[in-house]
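Have a look at coords11.cif; it's mmCIF, C-alpha atoms:
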```cif
data_target
#
loop_
_atom_site.label_atom_id
_atom_site.label_comp_id
_atom_site.auth_asym_id
_atom_site.auth_seq_id
_atom_site.Cartn_x
_atom_site.Cartn_y
_atom_site.Cartn_z
CA MET A 31 -17.40 28.55 -66.12
CA LEU A 32 -20.31 28.59 -63.72
CA SER A 33 -20.41 31.61 -61.43
CA GLU A 34 -22.07 29.43 -58.77
CA PRO A 35 -21.64 25.71 -59.43
CA ARG A 36 -24.20 23.40 -57.87
CA SER A 37 -21.36 21.49 -56.24
CA GLY A 38 -20.33 24.72 -54.51
CA ARG A 39 -23.81 25.21 -53.06
CA LEU A 40 -24.00 21.62 -51.86
CA ALA A 41 -20.55 21.72 -50.26
CA ALA A 42 -21.00 25.14 -48.64
CA TRP A 43 -24.43 24.49 -47.16
CA GLY A 44 -23.60 20.88 -46.37
CA ASN A 45 -20.66 22.16 -44.33
CA ALA A 46 -22.87 24.75 -42.62
CA LEU A 47 -25.27 21.97 -41.68
CA LEU A 48 -22.46 19.81 -40.28
CA ALA A 49 -21.24 22.77 -38.22
CA GLY A 50 -24.73 23.39 -36.80
CA PHE A 51 -25.21 26.81 -38.39
CA VAL A 52 -28.36 25.87 -40.34
CA SER A 53 -31.18 23.35 -40.13
CA PRO A 54 -31.42 20.39 -42.55
CA ASP A 55 -34.42 21.93 -44.31
CA ASP A 56 -32.72 25.32 -44.71
CA ALA A 57 -29.58 23.66 -46.06
CA ALA A 58 -31.58 21.65 -48.59
CA LEU A 59 -33.53 24.75 -49.67
CA ALA A 60 -30.31 26.71 -50.25
CA ILE A 61 -28.72 23.87 -52.22
CA VAL A 62 -31.72 23.50 -54.53
CA GLY A 63 -31.78 27.25 -55.23
CA ASP A 64 -33.75 27.99 -58.40
CA ASP A 65 -33.96 24.33 -59.42
CA ALA A 66 -37.18 22.37 -58.97
CA VAL A 67 -35.84 19.42 -57.00
CA HIS A 68 -32.60 17.64 -56.08
CA ARG A 69 -32.31 13.94 -55.26
CA VAL A 70 -29.43 11.65 -54.33
CA GLU A 71 -29.07 8.22 -55.93
CA GLY A 72 -26.75 5.36 -54.98
CA LEU A 73 -26.69 6.22 -51.29
CA PRO A 74 -25.62 3.23 -49.16
CA GLY A 75 -28.64 1.58 -47.60
CA GLU A 76 -31.13 3.04 -50.10
CA THR A 77 -32.63 1.23 -53.10
CA GLY A 78 -33.56 4.38 -55.02
CA PRO A 79 -33.24 8.16 -55.09
CA VAL A 80 -33.89 10.06 -51.85
CA GLY A 81 -34.39 13.72 -50.99
CA LEU A 82 -31.55 16.01 -50.01
CA THR A 83 -32.55 16.30 -46.35
CA LEU A 84 -32.50 12.54 -45.86
CA ALA A 85 -29.32 12.17 -47.93
CA LEU A 86 -27.36 14.76 -45.96
CA GLY A 87 -28.40 13.13 -42.71
CA ARG A 88 -27.47 9.67 -43.96
CA LEU A 89 -24.04 10.85 -45.15
CA ARG A 90 -23.40 12.36 -41.75
CA ALA A 91 -24.33 9.07 -40.11
CA LEU A 92 -21.91 7.30 -42.46
CA GLY A 93 -19.08 9.42 -41.08
CA VAL A 94 -18.93 12.44 -43.38
CA THR A 95 -17.35 15.41 -41.57
CA GLY A 96 -17.04 17.88 -44.44
CA TYR A 97 -17.48 18.49 -48.15
CA ARG A 98 -14.98 19.64 -50.76
CA VAL A 99 -15.60 20.84 -54.32
CA ALA A 100 -13.95 19.61 -57.52
CA LEU A 101 -14.16 21.62 -60.76
CA PRO A 102 -12.21 19.51 -63.25
CA ALA A 103 -11.54 20.34 -66.90
CA PRO A 104 -9.78 18.36 -69.65
CA GLY A 105 -6.16 17.96 -68.60
CA HIS A 106 -6.82 19.48 -65.19
CA PRO A 107 -8.35 17.13 -62.56
CA LEU A 108 -8.86 20.00 -60.13
CA GLY A 109 -10.02 18.78 -56.72
CA LEU A 110 -10.24 15.09 -57.67
CA SER A 111 -8.52 12.16 -55.98
CA GLY A 112 -9.83 9.16 -57.92
CA PRO A 113 -10.72 6.46 -58.71
CA PRO A 114 -10.79 6.79 -62.54
CA ASP A 115 -14.52 6.06 -62.82
CA PHE A 116 -15.44 8.85 -60.42
CA ASN A 117 -12.95 11.22 -62.08
CA ALA A 118 -14.42 10.49 -65.52
CA ARG A 119 -17.97 11.18 -64.39
CA ALA A 120 -16.90 14.34 -62.59
CA LEU A 121 -15.04 15.53 -65.67
CA ASP A 122 -18.12 14.91 -67.80
CA ALA A 123 -20.23 16.97 -65.37
CA GLU A 124 -17.41 19.53 -64.94
CA GLU A 125 -17.99 19.43 -61.16
CA ALA A 126 -18.36 17.15 -58.16
CA VAL A 127 -18.46 17.10 -54.37
CA VAL A 128 -15.98 14.95 -52.45
CA ALA A 129 -16.72 14.09 -48.83
CA SER A 130 -14.12 13.95 -46.08
CA GLY A 131 -14.41 11.54 -43.17
CA ALA A 132 -16.02 8.90 -45.38
CA ALA A 133 -14.99 7.89 -48.91
CA TYR A 134 -17.97 9.11 -50.92
CA GLY A 135 -18.39 11.59 -53.75
CA LEU A 136 -21.40 13.18 -55.43
CA VAL A 137 -21.65 13.95 -59.16
CA PRO A 138 -24.68 15.85 -60.49
CA GLU A 139 -26.79 14.96 -63.51
CA VAL A 140 -29.01 17.84 -64.64
CA TYR A 141 -32.32 17.30 -66.43
CA GLU A 142 -34.10 20.25 -68.05
CA ALA A 143 -37.54 20.45 -69.63
CA GLY A 144 -39.85 23.22 -70.81
CA PRO A 145 -39.64 26.35 -72.95
CA ALA A 146 -37.11 29.15 -72.51
CA GLY A 147 -38.02 31.29 -69.54
CA ASP A 148 -39.96 28.47 -67.89
CA VAL A 149 -37.42 25.64 -67.67
CA HIS A 150 -38.04 22.91 -65.10
CA VAL A 151 -34.71 21.69 -63.71
CA GLU A 152 -34.21 18.50 -61.75
CA VAL A 153 -30.83 17.36 -60.42
CA VAL A 154 -29.82 13.83 -59.48
CA TRP A 155 -26.63 13.54 -57.42
CA ASN A 156 -24.96 10.18 -57.98
CA CYS A 157 -23.24 8.93 -54.82
CA LEU A 158 -20.07 7.00 -55.70
CA PRO A 159 -17.01 5.67 -53.87
CA VAL A 160 -13.91 7.86 -53.98
CA ARG A 161 -10.27 7.36 -53.12
CA GLU A 162 -9.12 8.82 -49.82
CA ALA A 163 -6.22 10.98 -50.98
CA PRO A 164 -5.33 14.69 -51.14
CA PRO A 165 -7.33 16.54 -53.84
CA ALA A 166 -5.42 17.47 -56.99
CA ASP A 167 -4.01 20.97 -57.49
CA VAL A 168 -6.03 22.86 -54.86
CA PRO A 169 -4.22 25.99 -53.59
CA SER A 170 -4.51 27.62 -50.20
CA LEU A 171 -6.69 30.73 -49.91
CA GLY A 172 -3.60 32.92 -49.77
CA GLU A 173 -2.12 31.33 -52.89
CA ALA A 174 -5.44 31.61 -54.72
CA GLU A 175 -5.78 35.30 -53.89
CA ARG A 176 -2.27 36.09 -55.15
CA GLU A 177 -2.77 34.04 -58.31
CA LEU A 178 -6.04 35.82 -59.10
CA ALA A 179 -4.45 39.26 -58.84
CA GLU A 180 -1.48 38.29 -61.03
CA ALA A 181 -3.54 36.47 -63.67
CA LEU A 182 -6.10 39.25 -63.93
CA ARG A 183 -3.37 41.85 -64.39
CA ASP A 184 -1.61 39.88 -67.11
CA ALA A 185 -4.81 39.01 -68.98
CA THR A 186 -6.13 42.58 -68.83
CA GLU A 187 -2.94 43.84 -70.42
CA VAL A 188 -3.11 41.33 -73.28
CA LEU A 189 -6.86 41.69 -73.91
CA SER A 190 -6.66 45.48 -73.86
CA ARG A 191 -3.85 45.42 -76.39
CA LEU A 192 -5.91 43.19 -78.68
CA ASP A 193 -9.08 45.27 -78.14
CA VAL A 194 -11.13 42.29 -77.01
CA ALA A 195 -12.78 43.71 -73.91
CA ALA A 196 -16.33 42.38 -73.56
CA SER A 197 -18.84 44.90 -74.87
CA GLY A 198 -22.31 45.15 -76.35
CA PRO A 199 -25.80 44.46 -74.96
CA VAL A 200 -25.18 40.78 -74.15
CA ALA A 201 -22.08 41.60 -72.11
CA GLU A 202 -23.78 44.52 -70.40
CA ALA A 203 -26.80 42.39 -69.46
CA ALA A 204 -24.57 39.68 -67.99
CA ILE A 205 -22.55 42.17 -65.98
CA ASP A 206 -25.72 43.95 -64.76
CA ALA A 207 -27.11 40.58 -63.63
CA TYR A 208 -23.92 39.88 -61.69
CA ARG A 209 -24.03 43.31 -60.04
CA ALA A 210 -27.69 42.82 -59.06
CA ARG A 211 -26.86 39.46 -57.49
CA ALA A 212 -23.79 40.85 -55.73
CA SER A 213 -25.78 43.77 -54.33
CA ARG A 214 -27.86 41.35 -52.25
CA GLY A 215 -24.88 41.11 -49.94
CA ALA A 216 -21.67 39.19 -49.46
CA GLY A 217 -23.30 36.98 -46.87
CA GLU A 218 -25.08 35.06 -49.63
CA THR A 219 -21.87 34.21 -51.48
CA LEU A 220 -21.02 31.43 -49.05
CA ALA A 221 -22.90 29.67 -46.29
CA PRO A 222 -22.50 30.63 -42.61
CA GLY A 223 -19.27 29.48 -40.97
CA TYR A 224 -16.86 30.35 -43.77
CA PRO A 225 -13.94 32.74 -43.08
CA PRO A 226 -14.21 36.26 -44.59
CA ARG A 227 -11.16 35.62 -46.76
CA ALA A 228 -12.95 32.71 -48.45
CA VAL A 229 -15.89 34.99 -49.25
CA ARG A 230 -13.53 37.59 -50.71
CA VAL A 231 -11.65 35.05 -52.85
CA LEU A 232 -14.86 33.46 -54.12
CA GLU A 233 -16.42 36.80 -55.07
CA LEU A 234 -13.32 37.79 -57.05
CA ALA A 235 -13.11 34.39 -58.74
CA GLN A 236 -16.80 34.54 -59.71
CA ARG A 237 -16.41 38.05 -61.08
CA ILE A 238 -13.42 37.01 -63.17
CA GLY A 239 -15.23 33.88 -64.31
CA LEU A 240 -18.16 35.97 -65.49
CA LEU A 241 -15.91 38.28 -67.49
CA ILE A 242 -14.17 35.30 -69.10
CA SER A 243 -17.54 33.79 -70.06
CA VAL A 244 -18.74 37.08 -71.52
CA ALA A 245 -15.49 37.44 -73.48
CA TYR A 246 -15.89 33.96 -74.97
CA GLU A 247 -19.57 34.45 -75.76
CA ASN A 248 -19.03 37.75 -77.59
CA GLY A 249 -17.16 36.30 -80.53
CA HIS A 250 -13.68 37.49 -81.28
CA GLY A 251 -14.13 41.13 -80.30
CA GLY A 252 -11.46 43.23 -81.96
CA ALA A 253 -9.18 40.24 -82.56
CA VAL A 254 -9.59 39.66 -86.28
CA SER A 255 -6.41 37.87 -87.36
CA ALA A 256 -5.66 34.23 -86.57
CA SER A 257 -2.65 35.24 -84.50
CA GLU A 258 -4.70 37.75 -82.51
CA ILE A 259 -7.44 35.17 -81.86
CA ALA A 260 -4.81 32.66 -80.73
CA ALA A 261 -3.22 35.26 -78.45
CA ARG A 262 -6.62 36.06 -76.96
CA GLY A 263 -7.24 32.38 -76.20
CA GLU A 264 -3.79 32.06 -74.67
CA ALA A 265 -4.58 35.03 -72.42
CA LEU A 266 -7.95 33.70 -71.28
CA ARG A 267 -7.07 30.05 -70.61
CA PRO A 268 -4.66 30.56 -67.70
CA VAL A 269 -6.99 33.11 -66.10
CA GLU A 270 -9.89 30.68 -66.33
CA ARG A 271 -7.74 27.97 -64.76
CA VAL A 272 -6.70 30.28 -61.91
CA ALA A 273 -10.31 31.36 -61.32
CA ARG A 274 -11.45 27.73 -61.06
CA ARG A 275 -8.62 26.96 -58.63
CA ALA A 276 -9.64 29.95 -56.52
CA GLN A 277 -13.29 28.87 -56.46
CA VAL A 278 -12.31 25.42 -55.23
CA ALA A 279 -10.00 26.89 -52.59
CA ALA A 280 -12.82 29.12 -51.31
CA TYR A 281 -15.46 26.39 -51.15
CA ASN A 282 -12.98 23.99 -49.52
CA ALA A 283 -11.82 26.52 -46.90
CA TYR A 284 -14.18 25.14 -44.25
CA VAL A 285 -12.70 21.64 -44.45
CA GLU A 286 -9.13 22.89 -44.76
CA GLU A 287 -9.52 25.07 -41.66
CA ARG A 288 -11.00 22.22 -39.62
CA GLU A 289 -8.16 19.91 -40.61
CA ARG A 290 -5.54 22.48 -39.59
CA GLU A 291 -7.15 22.74 -36.15
CA ARG A 292 -6.78 19.02 -35.46
#
```
Would you mind writing the structure in this file as structure tokens?
Amino acid sequence: MLSEPRSGRLAAWGNALLAGFVSPDDAALAIVGDDAVHRVEGLPGETGPVGLTLALGRLRALGVTGYRVALPAPGHPLGLSGPPDFNARALDAEEAVVASGAAYGLVPEVYEAGPAGDVHVEVVWNCLPVREAPPADVPSLGEAERELAEALRDATEVLSRLDVAASGPVAEAAIDAYRARASRGAGETLAPGYPPRAVRVLELAQRIGLLISVAYENGHGGAVSASEIAARGEALRPVERVARRAQVAAYNAYVEERERER
């Protein structure tokens, strides 16, 4: 799972822009991140792709009041509300942004070119109609925090018993990279305007997601029998699901809080 999905950056900084915490250019710069360029295609009133700054302004004019994240996986339409065409494209991308206030959603297509170490990345966000309905299976921040603690405890017990803790140079490099990014400060985890609890939940979910990814990428660890490998997968899957749910809850906290205040 992505430690920082592009949909999370767009939703977080799009919400910060709507709340007046950042300028349009600063929001667009934060959303693009290390990519070369982001464009939005299919925007009402436009005949072709447009830049992020223009797109965010146009969506606001169309009535958008907030952005939510969806991180669906096969059998788990997390954060989606339909219709089927949008859900299918979001599932293929493994992420999407769903607007509130106006029935639009954004699904990214990522294009990469160039050699390793010098990859040029362009992202096209496809703007599509969505169904105005509650998003699927999104917990509250409190629920997400409790689920993370319980799932991590259960998985750690099983993985330790099977001797499948992530180890080796690949795992160490990934964990060092996470620590270096985290050391830049919690303020960069989410955009301005998010509650501290959302930052805390997102940081824990990202840390758990990284460890899950490292565990998958390092082969079977000490699990050598078919039954041990199956048990390892059974331990990781629910934790991965909980971590994705927690990420969505954190990114969506801005919209959820605004709706409670109404």
Legend entry - Residue among A:Val231, A:Ala85, A:Ala280, A:Ala181 lying closest to Arg39 of chain A, counting only C-alpha atoms: A:Ala280
Inset, instruction - Have a look at atom CA of Leu220 of chain A and atom CA of Asp55 of chain A and let me know their distance in Å, one decimal. - result: 17.1 Å
Inset, instruction - Rounded to one decimal place, report the atom CA of Leu232 of chain A-atom CA of Leu40 of chain A distance in Å. - result: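 Answer for the atom CA of Leu232 of chain A to atom CA of Leu40 of chain A separation: 15.1 Å.
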Legend entry - Nearest-residue call for Tyr134 of chain A, choices A:Ala118, A:Cys157, A:Leu86, A:Ala283, using all atoms listed in the file: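 Distance minimum relative to Tyr134 of chain A lands on A:Cys157.
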Legend entry - Residue with smallest distance to Asn282 of chain A - pool A:Ala228, A:Ala120, A:Leu73, A:Leu47, counting all atoms listed in the file: A:Ala228
Legend entry - the PyMOL selection byres ((chain A and resi 162) around 9) resolved against shown file, as a PyMOL selection string: chain A and resi 111-112+130-134+160-161+163-165
Just write the chosen residues, C-alpha atoms, as a PDB file, in the frame of the given file.
```pdb
ATOM      1  CA  SER A 111      -8.520  12.160 -55.980  1.00  0.00           C
ATOM      2  CA  GLY A 112      -9.830   9.160 -57.920  1.00  0.00           C
ATOM      3  CA  SER A 130     -14.120  13.950 -46.080  1.00  0.00           C
ATOM      4  CA  GLY A 131     -14.410  11.540 -43.170  1.00  0.00           C
ATOM      5  CA  ALA A 132     -16.020   8.900 -45.380  1.00  0.00           C
ATOM      6  CA  ALA A 133     -14.990   7.890 -48.910  1.00  0.00           C
ATOM      7  CA  TYR A 134     -17.970   9.110 -50.920  1.00  0.00           C
ATOM      8  CA  VAL A 160     -13.910   7.860 -53.980  1.00  0.00           C
ATOM      9  CA  ARG A 161     -10.270   7.360 -53.120  1.00  0.00           C
ATOM     10  CA  ALA A 163      -6.220  10.980 -50.980  1.00  0.00           C
ATOM     11  CA  PRO A 164      -5.330  14.690 -51.140  1.00  0.00           C
ATOM     12  CA  PRO A 165      -7.330  16.540 -53.840  1.00  0.00           C
TER      13      PRO A 165
END
```
Inset, instruction - For segment 94-101 of chain A, work out the shell of residues within 7 Å, counting all atoms listed in the file and skipping chain neighbours fewer than 6 positions away, then give it as JSON, numbers by chain. - result: {"A": [37, 38, 41, 44, 45, 48, 108, 109, 110, 124, 125, 126, 127, 128, 129, 130, 131, 132, 274, 278, 281, 282, 285]}
Inset, instruction - Kindly resolve the PyMOL selection byres ((chain A and resi 75) around 12) on the present coordinates and return the residues as a PyMOL selection string. - result: chain A and resi 71-74+76-80+84-85+88-89+91-92+157
Could you take the residues named above and write them with C-alpha atoms, as a PDB file, keeping the file's coordinate frame?
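File selection39.pdb, as written:
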```
ATOM      1  CA  GLU A  71     -29.070   8.220 -55.930  1.00  0.00           C
ATOM      2  CA  GLY A  72     -26.750   5.360 -54.980  1.00  0.00           C
ATOM      3  CA  LEU A  73     -26.690   6.220 -51.290  1.00  0.00           C
ATOM      4  CA  PRO A  74     -25.620   3.230 -49.160  1.00  0.00           C
ATOM      5  CA  GLU A  76     -31.130   3.040 -50.100  1.00  0.00           C
ATOM      6  CA  THR A  77     -32.630   1.230 -53.100  1.00  0.00           C
ATOM      7  CA  GLY A  78     -33.560   4.380 -55.020  1.00  0.00           C
ATOM      8  CA  PRO A  79     -33.240   8.160 -55.090  1.00  0.00           C
ATOM      9  CA  VAL A  80     -33.890  10.060 -51.850  1.00  0.00           C
ATOM     10  CA  LEU A  84     -32.500  12.540 -45.860  1.00  0.00           C
ATOM     11  CA  ALA A  85     -29.320  12.170 -47.930  1.00  0.00           C
ATOM     12  CA  ARG A  88     -27.470   9.670 -43.960  1.00  0.00           C
ATOM     13  CA  LEU A  89     -24.040  10.850 -45.150  1.00  0.00           C
ATOM     14  CA  ALA A  91     -24.330   9.070 -40.110  1.00  0.00           C
ATOM     15  CA  LEU A  92     -21.910   7.300 -42.460  1.00  0.00           C
ATOM     16  CA  CYS A 157     -23.240   8.930 -54.820  1.00  0.00           C
TER      17      CYS A 157
END
```
Please identify all polymer residues lying at most 9 Å from the point (-7.8, 38.5, -65.3) (file coordinates), using only C-alpha atoms, and present the result as a JSON list (two decimals) with C-alpha atoms, in the frame of the given file.
```json
[["chain", "number", "residue", "atom", "x", "y", "z"],
["A", 178, "LEU", "CA", -6.04, 35.82, -59.10],
["A", 179, "ALA", "CA", -4.45, 39.26, -58.84],
["A", 180, "GLU", "CA", -1.48, 38.29, -61.03],
["A", 181, "ALA", "CA", -3.54, 36.47, -63.67],
["A", 182, "LEU", "CA", -6.10, 39.25, -63.93],
["A", 183, "ARG", "CA", -3.37, 41.85, -64.39],
["A", 184, "ASP", "CA", -1.61, 39.88, -67.11],
["A", 185, "ALA", "CA", -4.81, 39.01, -68.98],
["A", 186, "THR", "CA", -6.13, 42.58, -68.83],
["A", 187, "GLU", "CA", -2.94, 43.84, -70.42],
["A", 238, "ILE", "CA", -13.42, 37.01, -63.17],
["A", 239, "GLY", "CA", -15.23, 33.88, -64.31],
["A", 241, "LEU", "CA", -15.91, 38.28, -67.49],
["A", 242, "ILE", "CA", -14.17, 35.30, -69.10],
["A", 265, "ALA", "CA", -4.58, 35.03, -72.42],
["A", 266, "LEU", "CA", -7.95, 33.70, -71.28],
["A", 268, "PRO", "CA", -4.66, 30.56, -67.70],
["A", 269, "VAL", "CA", -6.99, 33.11, -66.10],
["A", 270, "GLU", "CA", -9.89, 30.68, -66.33],
["A", 272, "VAL", "CA", -6.70, 30.28, -61.91],
["A", 273, "ALA", "CA", -10.31, 31.36, -61.32]]
```
Legend entry - atom CA of Ala57 of chain A to atom CA of Glu142 of chain A, straight-line distance in Å: 22.7 Å
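The shortest atom-to-atom distance to Pro225 of chain A, with all atoms listed in the file taken into account, belongs to A:Ala279 out of A:Ala58, A:Val140, A:Val168, A:Ala279.
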Legend entry - Nearest-residue call for Gly63 of chain A, choices A:Val137, A:Ala123, A:Ala46, A:Val153, using only C-alpha atoms: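 Nearest to Gly63 of chain A: A:Val153.
Distances from A:His106, A:Arg227, A:Arg288, A:His68 to Glu152 of chain A were compared using all atoms listed in the file, and the smallest one belongs to A:His68.
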Test item: axis-aligned box, all listed atoms of segment 98-114 of chain A, 3 Å on each side, centre and edges in Å rounded to one decimal, as JSON:
```
{"center_x": -10.9, "center_y": 14.0, "center_z": -60.2, "size_x": 15.4, "size_y": 21.2, "size_z": 24.9}
```
